[in-house]
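One structure is given here, and the rest of the page talks about it.
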Amino acid sequence: MDATNDPKLRSFIPVAAESHFPIQNLPYGVFAPTPTEPPRCGVRIGDFVLDLAVIQETGLLVSASLPEGVFAAPCLNYYMACAPDARRLARLLISGLLREDEPTLRDDAVLRGRALLPVESVTMQLPAEIGDYTDFYSSREHATNVGTMFRGKENALMPNWLHLPVGYHGRASSVVLDGTDVRRPRGQMLPPDATEPVYGPCRLMDFELEMGFFVAGQENRLGEPIGIGRTDDHIFGLVLVNDWSARDIQRWEYQPLGPFNAKNFATSISPWVVTLEALEPFRCAPPKQDPPPLSYLRSNRNSTYDIQLEVALQTEMMTTPQTICRSNFKYLYWTIQQQLAHHTVTGCNVRPGDMMASGTISGADKSSYGSMLELSWRGTEPLQLDDGSERKFLQDGDTVIMTGWCQGDGYRVGFGSVNGTLLAATP
């Protein structure tokens, strides 16, 4: 454990024990200080944002040897491209400036006023310019549930599933930030018992509880894979992901090439990127993989993280959200290291800021199922809600709220939340 993970660390900024953003976290994000100022990079500490452009400008990060103005950029891509050692040193320096016993920032009222901004006064932006987006299908429980629904229990998992992390290429242009409303998509569907498709608004709208990671480090050359032993240096950090899904559009279109319009209309992510360094104390063993994966997917460092996840639903009639799912990132069968190694094994080049999502994260019991498709078991077991209504799938006006955190000794390392409200289809 490095110095930034010490559970005894305290900041001069008061942080409640249940806050997701203590000094042990320091997640990165992009924000605009005011509507007229350009976005720049910062870290979250309690209820404040530390403006890293100001901190770098004053020379307080010079020993990290970062490119000049890297935090004044409107995205984290340039910082993500820096060498791992430089990023680790920058994190150590930032943590040091925020310690309760360090006077440099604490006692300089002018600098503190410029660099520490109340989070409610800023406008968050997407953390990166996402060049490419890949979505995996890495939960064995989710894949088994979906396969059972459509192919029967005996054929639930396809023959390749236990040998490789299945994935598809998503749409980077429609990745949106927490708080963005999502419009119910229109598309082509085959209604039950029909022989000809129809066009209209999706009738089976769903969420998918996922997490995603951003690629870091220099782009690997085309034709040169990233070996699984080097993947940690190429993973910047994680965010919460809601992979909105139009199930009826998906059911009609997915054969033979997989998801397309059912997934391309919106993917919501949380604004704060939690680094692997912050997650290190919560590293744990992944599920046992049987049969053993091929050699390029095996590593002694292959691991996952104990991240508690929750999904809440709020209808237009509710005054408070209702928790409908509790799951955990550690349930995933395929790890993020294996996902990146498999993605690049062909020599596919990945760039800083590329995003990869985990696929729906479901556990063994029904309360941990990470989608409405599973919670209502394809609509045959409607979910009973506190306002007296029921849900087979999402209705217009529903708000989906996802959150996640790691529980430490007296502190949490969390991701905040990713929220989205479903609006009616465009007329």
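Identifiers in this document derive from the order of the structure tokens: chains are assigned A, B, ..., residues are numbered from 1 separately in each chain, and ligands are numbered from 1 in order of occurrence.
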
Inset, instruction - Determine, counting only C-alpha atoms, which protein, DNA and RNA residues have an atom within 8 Å of an atom of range 144-158 of chain A; residues of the same chain fewer than 2 positions away are not included. Present the result as a PyMOL selection string. - result: chain A and resi 140-142+160-161+374+377-378

Hey, can you spit out that residue selection with all heavy atoms as a PDB file, in the first residue's frame?
```pdb
ATOM      1  N   ARG A 140     -20.830 -14.006 -15.900  1.00  0.00           N
ATOM      2  CA  ARG A 140     -21.325 -15.346 -16.194  1.00  0.00           C
ATOM      3  C   ARG A 140     -22.796 -15.478 -15.797  1.00  0.00           C
ATOM      4  O   ARG A 140     -23.590 -16.104 -16.509  1.00  0.00           O
ATOM      5  CB  ARG A 140     -20.477 -16.385 -15.455  1.00  0.00           C
ATOM      6  CG  ARG A 140     -20.922 -17.815 -15.734  1.00  0.00           C
ATOM      7  CD  ARG A 140     -19.927 -18.823 -15.186  1.00  0.00           C
ATOM      8  NE  ARG A 140     -20.303 -20.188 -15.554  1.00  0.00           N
ATOM      9  CZ  ARG A 140     -19.511 -21.245 -15.399  1.00  0.00           C
ATOM     10  NH1 ARG A 140     -18.298 -21.089 -14.895  1.00  0.00           N
ATOM     11  NH2 ARG A 140     -19.918 -22.447 -15.750  1.00  0.00           N
ATOM     12  N   GLU A 141     -23.167 -14.884 -14.661  1.00  0.00           N
ATOM     13  CA  GLU A 141     -24.548 -14.969 -14.205  1.00  0.00           C
ATOM     14  C   GLU A 141     -25.494 -14.276 -15.181  1.00  0.00           C
ATOM     15  O   GLU A 141     -26.566 -14.810 -15.510  1.00  0.00           O
ATOM     16  CB  GLU A 141     -24.680 -14.361 -12.804  1.00  0.00           C
ATOM     17  CG  GLU A 141     -24.032 -15.161 -11.703  1.00  0.00           C
ATOM     18  CD  GLU A 141     -22.518 -15.011 -11.619  1.00  0.00           C
ATOM     19  OE1 GLU A 141     -21.962 -14.156 -12.347  1.00  0.00           O
ATOM     20  OE2 GLU A 141     -21.884 -15.740 -10.842  1.00  0.00           O
ATOM     21  N   HIS A 142     -25.102 -13.095 -15.652  1.00  0.00           N
ATOM     22  CA  HIS A 142     -25.951 -12.383 -16.608  1.00  0.00           C
ATOM     23  C   HIS A 142     -26.064 -13.152 -17.919  1.00  0.00           C
ATOM     24  O   HIS A 142     -27.167 -13.329 -18.455  1.00  0.00           O
ATOM     25  CB  HIS A 142     -25.379 -10.990 -16.869  1.00  0.00           C
ATOM     26  CG  HIS A 142     -26.099 -10.238 -17.952  1.00  0.00           C
ATOM     27  ND1 HIS A 142     -27.391  -9.790 -17.810  1.00  0.00           N
ATOM     28  CD2 HIS A 142     -25.717  -9.874 -19.209  1.00  0.00           C
ATOM     29  CE1 HIS A 142     -27.775  -9.178 -18.918  1.00  0.00           C
ATOM     30  NE2 HIS A 142     -26.776  -9.215 -19.780  1.00  0.00           N
ATOM     31  N   ASN A 160     -18.176 -20.470 -26.924  1.00  0.00           N
ATOM     32  CA  ASN A 160     -16.951 -19.669 -26.778  1.00  0.00           C
ATOM     33  C   ASN A 160     -16.879 -18.908 -25.468  1.00  0.00           C
ATOM     34  O   ASN A 160     -15.813 -18.396 -25.103  1.00  0.00           O
ATOM     35  CB  ASN A 160     -16.828 -18.681 -27.943  1.00  0.00           C
ATOM     36  CG  ASN A 160     -17.938 -17.629 -27.953  1.00  0.00           C
ATOM     37  OD1 ASN A 160     -18.964 -17.787 -27.282  1.00  0.00           O
ATOM     38  ND2 ASN A 160     -17.750 -16.572 -28.709  1.00  0.00           N
ATOM     39  N   TRP A 161     -18.000 -18.815 -24.726  1.00  0.00           N
ATOM     40  CA  TRP A 161     -18.096 -17.838 -23.636  1.00  0.00           C
ATOM     41  C   TRP A 161     -17.059 -18.081 -22.541  1.00  0.00           C
ATOM     42  O   TRP A 161     -16.495 -17.133 -21.986  1.00  0.00           O
ATOM     43  CB  TRP A 161     -19.513 -17.824 -23.038  1.00  0.00           C
ATOM     44  CG  TRP A 161     -19.778 -16.536 -22.320  1.00  0.00           C
ATOM     45  CD1 TRP A 161     -20.364 -15.418 -22.802  1.00  0.00           C
ATOM     46  CD2 TRP A 161     -19.389 -16.230 -20.974  1.00  0.00           C
ATOM     47  NE1 TRP A 161     -20.377 -14.427 -21.852  1.00  0.00           N
ATOM     48  CE2 TRP A 161     -19.781 -14.901 -20.718  1.00  0.00           C
ATOM     49  CE3 TRP A 161     -18.756 -16.942 -19.954  1.00  0.00           C
ATOM     50  CZ2 TRP A 161     -19.567 -14.265 -19.504  1.00  0.00           C
ATOM     51  CZ3 TRP A 161     -18.521 -16.304 -18.733  1.00  0.00           C
ATOM     52  CH2 TRP A 161     -18.932 -14.985 -18.512  1.00  0.00           C
ATOM     53  N   GLU A 374     -33.656  -9.166 -16.401  1.00  0.00           N
ATOM     54  CA  GLU A 374     -33.481 -10.244 -15.433  1.00  0.00           C
ATOM     55  C   GLU A 374     -34.373 -10.064 -14.205  1.00  0.00           C
ATOM     56  O   GLU A 374     -34.958 -11.029 -13.712  1.00  0.00           O
ATOM     57  CB  GLU A 374     -32.016 -10.304 -14.993  1.00  0.00           C
ATOM     58  CG  GLU A 374     -31.046 -10.662 -16.101  1.00  0.00           C
ATOM     59  CD  GLU A 374     -29.623 -10.362 -15.693  1.00  0.00           C
ATOM     60  OE1 GLU A 374     -29.175  -9.216 -15.849  1.00  0.00           O
ATOM     61  OE2 GLU A 374     -28.959 -11.300 -15.193  1.00  0.00           O
ATOM     62  N   TRP A 377     -37.607 -11.057 -15.130  1.00  0.00           N
ATOM     63  CA  TRP A 377     -37.457 -12.304 -15.880  1.00  0.00           C
ATOM     64  C   TRP A 377     -38.256 -12.241 -17.197  1.00  0.00           C
ATOM     65  O   TRP A 377     -39.248 -12.901 -17.383  1.00  0.00           O
ATOM     66  CB  TRP A 377     -37.861 -13.530 -15.063  1.00  0.00           C
ATOM     67  CG  TRP A 377     -37.203 -14.762 -15.596  1.00  0.00           C
ATOM     68  CD1 TRP A 377     -37.799 -15.761 -16.311  1.00  0.00           C
ATOM     69  CD2 TRP A 377     -35.810 -15.114 -15.499  1.00  0.00           C
ATOM     70  NE1 TRP A 377     -36.854 -16.714 -16.670  1.00  0.00           N
ATOM     71  CE2 TRP A 377     -35.626 -16.347 -16.177  1.00  0.00           C
ATOM     72  CE3 TRP A 377     -34.698 -14.492 -14.914  1.00  0.00           C
ATOM     73  CZ2 TRP A 377     -34.385 -16.973 -16.270  1.00  0.00           C
ATOM     74  CZ3 TRP A 377     -33.462 -15.123 -15.013  1.00  0.00           C
ATOM     75  CH2 TRP A 377     -33.315 -16.343 -15.681  1.00  0.00           C
ATOM     76  N   ARG A 378     -37.755 -11.334 -18.070  1.00  0.00           N
ATOM     77  CA  ARG A 378     -38.311 -11.144 -19.407  1.00  0.00           C
ATOM     78  C   ARG A 378     -39.764 -10.649 -19.368  1.00  0.00           C
ATOM     79  O   ARG A 378     -40.552 -10.891 -20.277  1.00  0.00           O
ATOM     80  CB  ARG A 378     -38.213 -12.443 -20.198  1.00  0.00           C
ATOM     81  CG  ARG A 378     -38.189 -12.297 -21.698  1.00  0.00           C
ATOM     82  CD  ARG A 378     -38.072 -13.677 -22.349  1.00  0.00           C
ATOM     83  NE  ARG A 378     -38.146 -13.581 -23.794  1.00  0.00           N
ATOM     84  CZ  ARG A 378     -38.171 -14.649 -24.602  1.00  0.00           C
ATOM     85  NH1 ARG A 378     -38.121 -15.862 -24.090  1.00  0.00           N
ATOM     86  NH2 ARG A 378     -38.243 -14.488 -25.910  1.00  0.00           N
TER      87      ARG A 378
END
```

Inset, instruction - Fewer than 3 positions away in the same chain doesn't count, so skip those; otherwise give me all residues within 7 Å of Val311 in chain A, counting only C-alpha atoms, as a VMD selection string. - result: chain A and resid 323 to 326 401 to 403

Inset, instruction - Just list the residues in range 233-276 of chain A DSSP gives helix (DSSP H, G or I) on the backbone, as a PyMOL selection string. - result: chain A and resi 233-234+247-253+276

Inset, instruction - Give me the residues within 12 Å of Thr58 in chain A as a list in words, counting only C-alpha atoms and dropping any in the same chain fewer than 6 places off. - result: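 Everything that qualifies: Asp51, Leu52, Glu68, Gly69, Thr104, Leu105, Leu111, Arg112, Arg114 and Ala115 of chain A.
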
Inset, instruction - Considering only C-alpha atoms, return as a PyMOL selection string whatever protein or nucleic-acid residues lie within 9 Å of Tyr168 in chain A, sequence-local ones (same chain, fewer than 3 positions apart) excluded. - result: chain A and resi 133-137+258-259

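Separating CA of Ala262 in chain A from CA of Gly179 in chain A is a distance of 20.9 Å.
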
Inset, instruction - Show which residues sit within 7 Å of range 210-218 of chain A, as number ranges by chain. Count only C-alpha atoms, and ignore same-chain residues fewer than 4 positions away. - result: A: 80-84, 233-243, 351-361

Take the residues just selected and output them with N, CA, C and O atoms as a short mmCIF file (atom, residue, chain, number, x, y, z; two decimals), in the first residue's frame.
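Result saved to part.cif:
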```
data_model
loop_
_atom_site.label_atom_id
_atom_site.label_comp_id
_atom_site.auth_asym_id
_atom_site.auth_seq_id
_atom_site.Cartn_x
_atom_site.Cartn_y
_atom_site.Cartn_z
N MET A 80 -3.87 11.19 -19.40
CA MET A 80 -3.92 9.74 -19.51
C MET A 80 -2.75 9.20 -20.33
O MET A 80 -2.30 8.07 -20.12
N ALA A 81 -2.27 9.99 -21.27
CA ALA A 81 -1.17 9.56 -22.14
C ALA A 81 0.19 9.62 -21.45
O ALA A 81 1.18 9.08 -21.97
N CYS A 82 0.28 10.27 -20.29
CA CYS A 82 1.56 10.38 -19.59
C CYS A 82 2.01 9.02 -19.07
O CYS A 82 1.21 8.10 -18.87
N ALA A 83 3.30 8.91 -18.81
CA ALA A 83 3.86 7.66 -18.30
C ALA A 83 3.25 7.31 -16.95
O ALA A 83 2.94 8.21 -16.15
N PRO A 84 3.09 6.01 -16.66
CA PRO A 84 2.49 5.61 -15.38
C PRO A 84 3.21 6.20 -14.17
O PRO A 84 2.57 6.62 -13.21
N ASP A 233 -0.69 -0.79 -16.48
CA ASP A 233 -0.10 0.49 -16.90
C ASP A 233 -0.91 1.16 -17.99
O ASP A 233 -0.70 2.34 -18.29
N HIS A 234 -1.83 0.43 -18.61
CA HIS A 234 -2.65 0.98 -19.68
C HIS A 234 -4.11 1.17 -19.27
O HIS A 234 -4.97 1.39 -20.12
N ILE A 235 -4.39 1.05 -17.96
CA ILE A 235 -5.74 1.30 -17.45
C ILE A 235 -5.67 2.48 -16.50
O ILE A 235 -5.01 2.42 -15.46
N PHE A 236 -6.34 3.58 -16.86
CA PHE A 236 -6.27 4.80 -16.07
C PHE A 236 -7.16 4.72 -14.84
O PHE A 236 -6.76 5.04 -13.73
N GLY A 237 -8.41 4.32 -15.02
CA GLY A 237 -9.34 4.27 -13.91
C GLY A 237 -10.72 3.88 -14.38
O GLY A 237 -10.96 3.67 -15.58
N LEU A 238 -11.66 3.81 -13.43
CA LEU A 238 -12.98 3.27 -13.70
C LEU A 238 -14.08 4.30 -13.44
O LEU A 238 -13.91 5.21 -12.62
N VAL A 239 -15.21 4.11 -14.14
CA VAL A 239 -16.41 4.91 -13.94
C VAL A 239 -17.62 3.96 -13.90
O VAL A 239 -17.54 2.81 -14.33
N LEU A 240 -18.73 4.47 -13.40
CA LEU A 240 -20.00 3.77 -13.49
C LEU A 240 -20.57 3.93 -14.89
O LEU A 240 -20.42 4.99 -15.52
N VAL A 241 -21.25 2.90 -15.37
CA VAL A 241 -21.82 2.92 -16.72
C VAL A 241 -23.25 2.39 -16.69
O VAL A 241 -23.52 1.33 -16.09
N ASN A 242 -24.18 3.12 -17.31
CA ASN A 242 -25.52 2.60 -17.59
C ASN A 242 -25.62 2.42 -19.09
O ASN A 242 -25.71 3.39 -19.85
N ASP A 243 -25.62 1.18 -19.51
CA ASP A 243 -25.73 0.85 -20.94
C ASP A 243 -27.21 0.67 -21.28
O ASP A 243 -27.75 -0.43 -21.22
N ARG A 351 -6.06 3.77 -27.80
CA ARG A 351 -5.54 5.10 -27.55
C ARG A 351 -5.98 5.63 -26.19
O ARG A 351 -7.03 5.22 -25.69
N PRO A 352 -5.20 6.55 -25.60
CA PRO A 352 -5.63 7.16 -24.34
C PRO A 352 -7.02 7.79 -24.50
O PRO A 352 -7.28 8.52 -25.45
N GLY A 353 -7.90 7.48 -23.56
CA GLY A 353 -9.26 8.00 -23.62
C GLY A 353 -10.26 7.03 -24.21
O GLY A 353 -11.47 7.24 -24.10
N ASP A 354 -9.80 5.95 -24.87
CA ASP A 354 -10.73 4.90 -25.29
C ASP A 354 -11.41 4.32 -24.05
O ASP A 354 -10.78 4.20 -22.99
N MET A 355 -12.67 3.94 -24.20
CA MET A 355 -13.42 3.41 -23.06
C MET A 355 -13.86 1.98 -23.34
O MET A 355 -14.24 1.66 -24.46
N MET A 356 -13.81 1.16 -22.30
CA MET A 356 -14.28 -0.22 -22.40
C MET A 356 -15.19 -0.50 -21.20
O MET A 356 -14.83 -0.20 -20.06
N ALA A 357 -16.37 -1.04 -21.47
CA ALA A 357 -17.34 -1.33 -20.42
C ALA A 357 -17.41 -2.82 -20.17
O ALA A 357 -17.08 -3.64 -21.02
N SER A 358 -17.89 -3.17 -18.98
CA SER A 358 -17.80 -4.54 -18.47
C SER A 358 -18.88 -5.46 -18.99
O SER A 358 -18.73 -6.68 -18.98
N GLY A 359 -20.01 -4.90 -19.44
CA GLY A 359 -21.21 -5.69 -19.61
C GLY A 359 -21.98 -5.72 -18.30
O GLY A 359 -21.45 -5.38 -17.22
N THR A 360 -23.24 -6.13 -18.36
CA THR A 360 -24.10 -6.13 -17.19
C THR A 360 -23.49 -6.96 -16.06
O THR A 360 -23.00 -8.07 -16.28
N ILE A 361 -23.53 -6.42 -14.84
CA ILE A 361 -22.93 -7.07 -13.67
C ILE A 361 -24.05 -7.64 -12.81
O ILE A 361 -24.76 -6.92 -12.12
#
```

Legend entry - Near-Leu98 in chain A list (10 Å; only C-alpha atoms; drop same-chain fewer than 5 positions) as JSON, numbers by chain: {"A": [9, 10, 11, 12, 13, 23, 26, 45, 50, 93, 103, 104, 105, 106]}

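Distance annotation: of A:Gly170, A:Pro22, A:Pro185, A:Pro225, the residue with the minimal separation from Lys8 in chain A is A:Pro22; atom set is only C-alpha atoms.
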
Legend entry - Selection near Val198 in chain A, 9 Å with only C-alpha atoms, sequence-local residues under 6 positions removed, as a list of chain:residue names: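 Here the qualifying residues turn out to be A:Gly187, A:Gln188, A:Met189, A:Leu190, A:Pro191.
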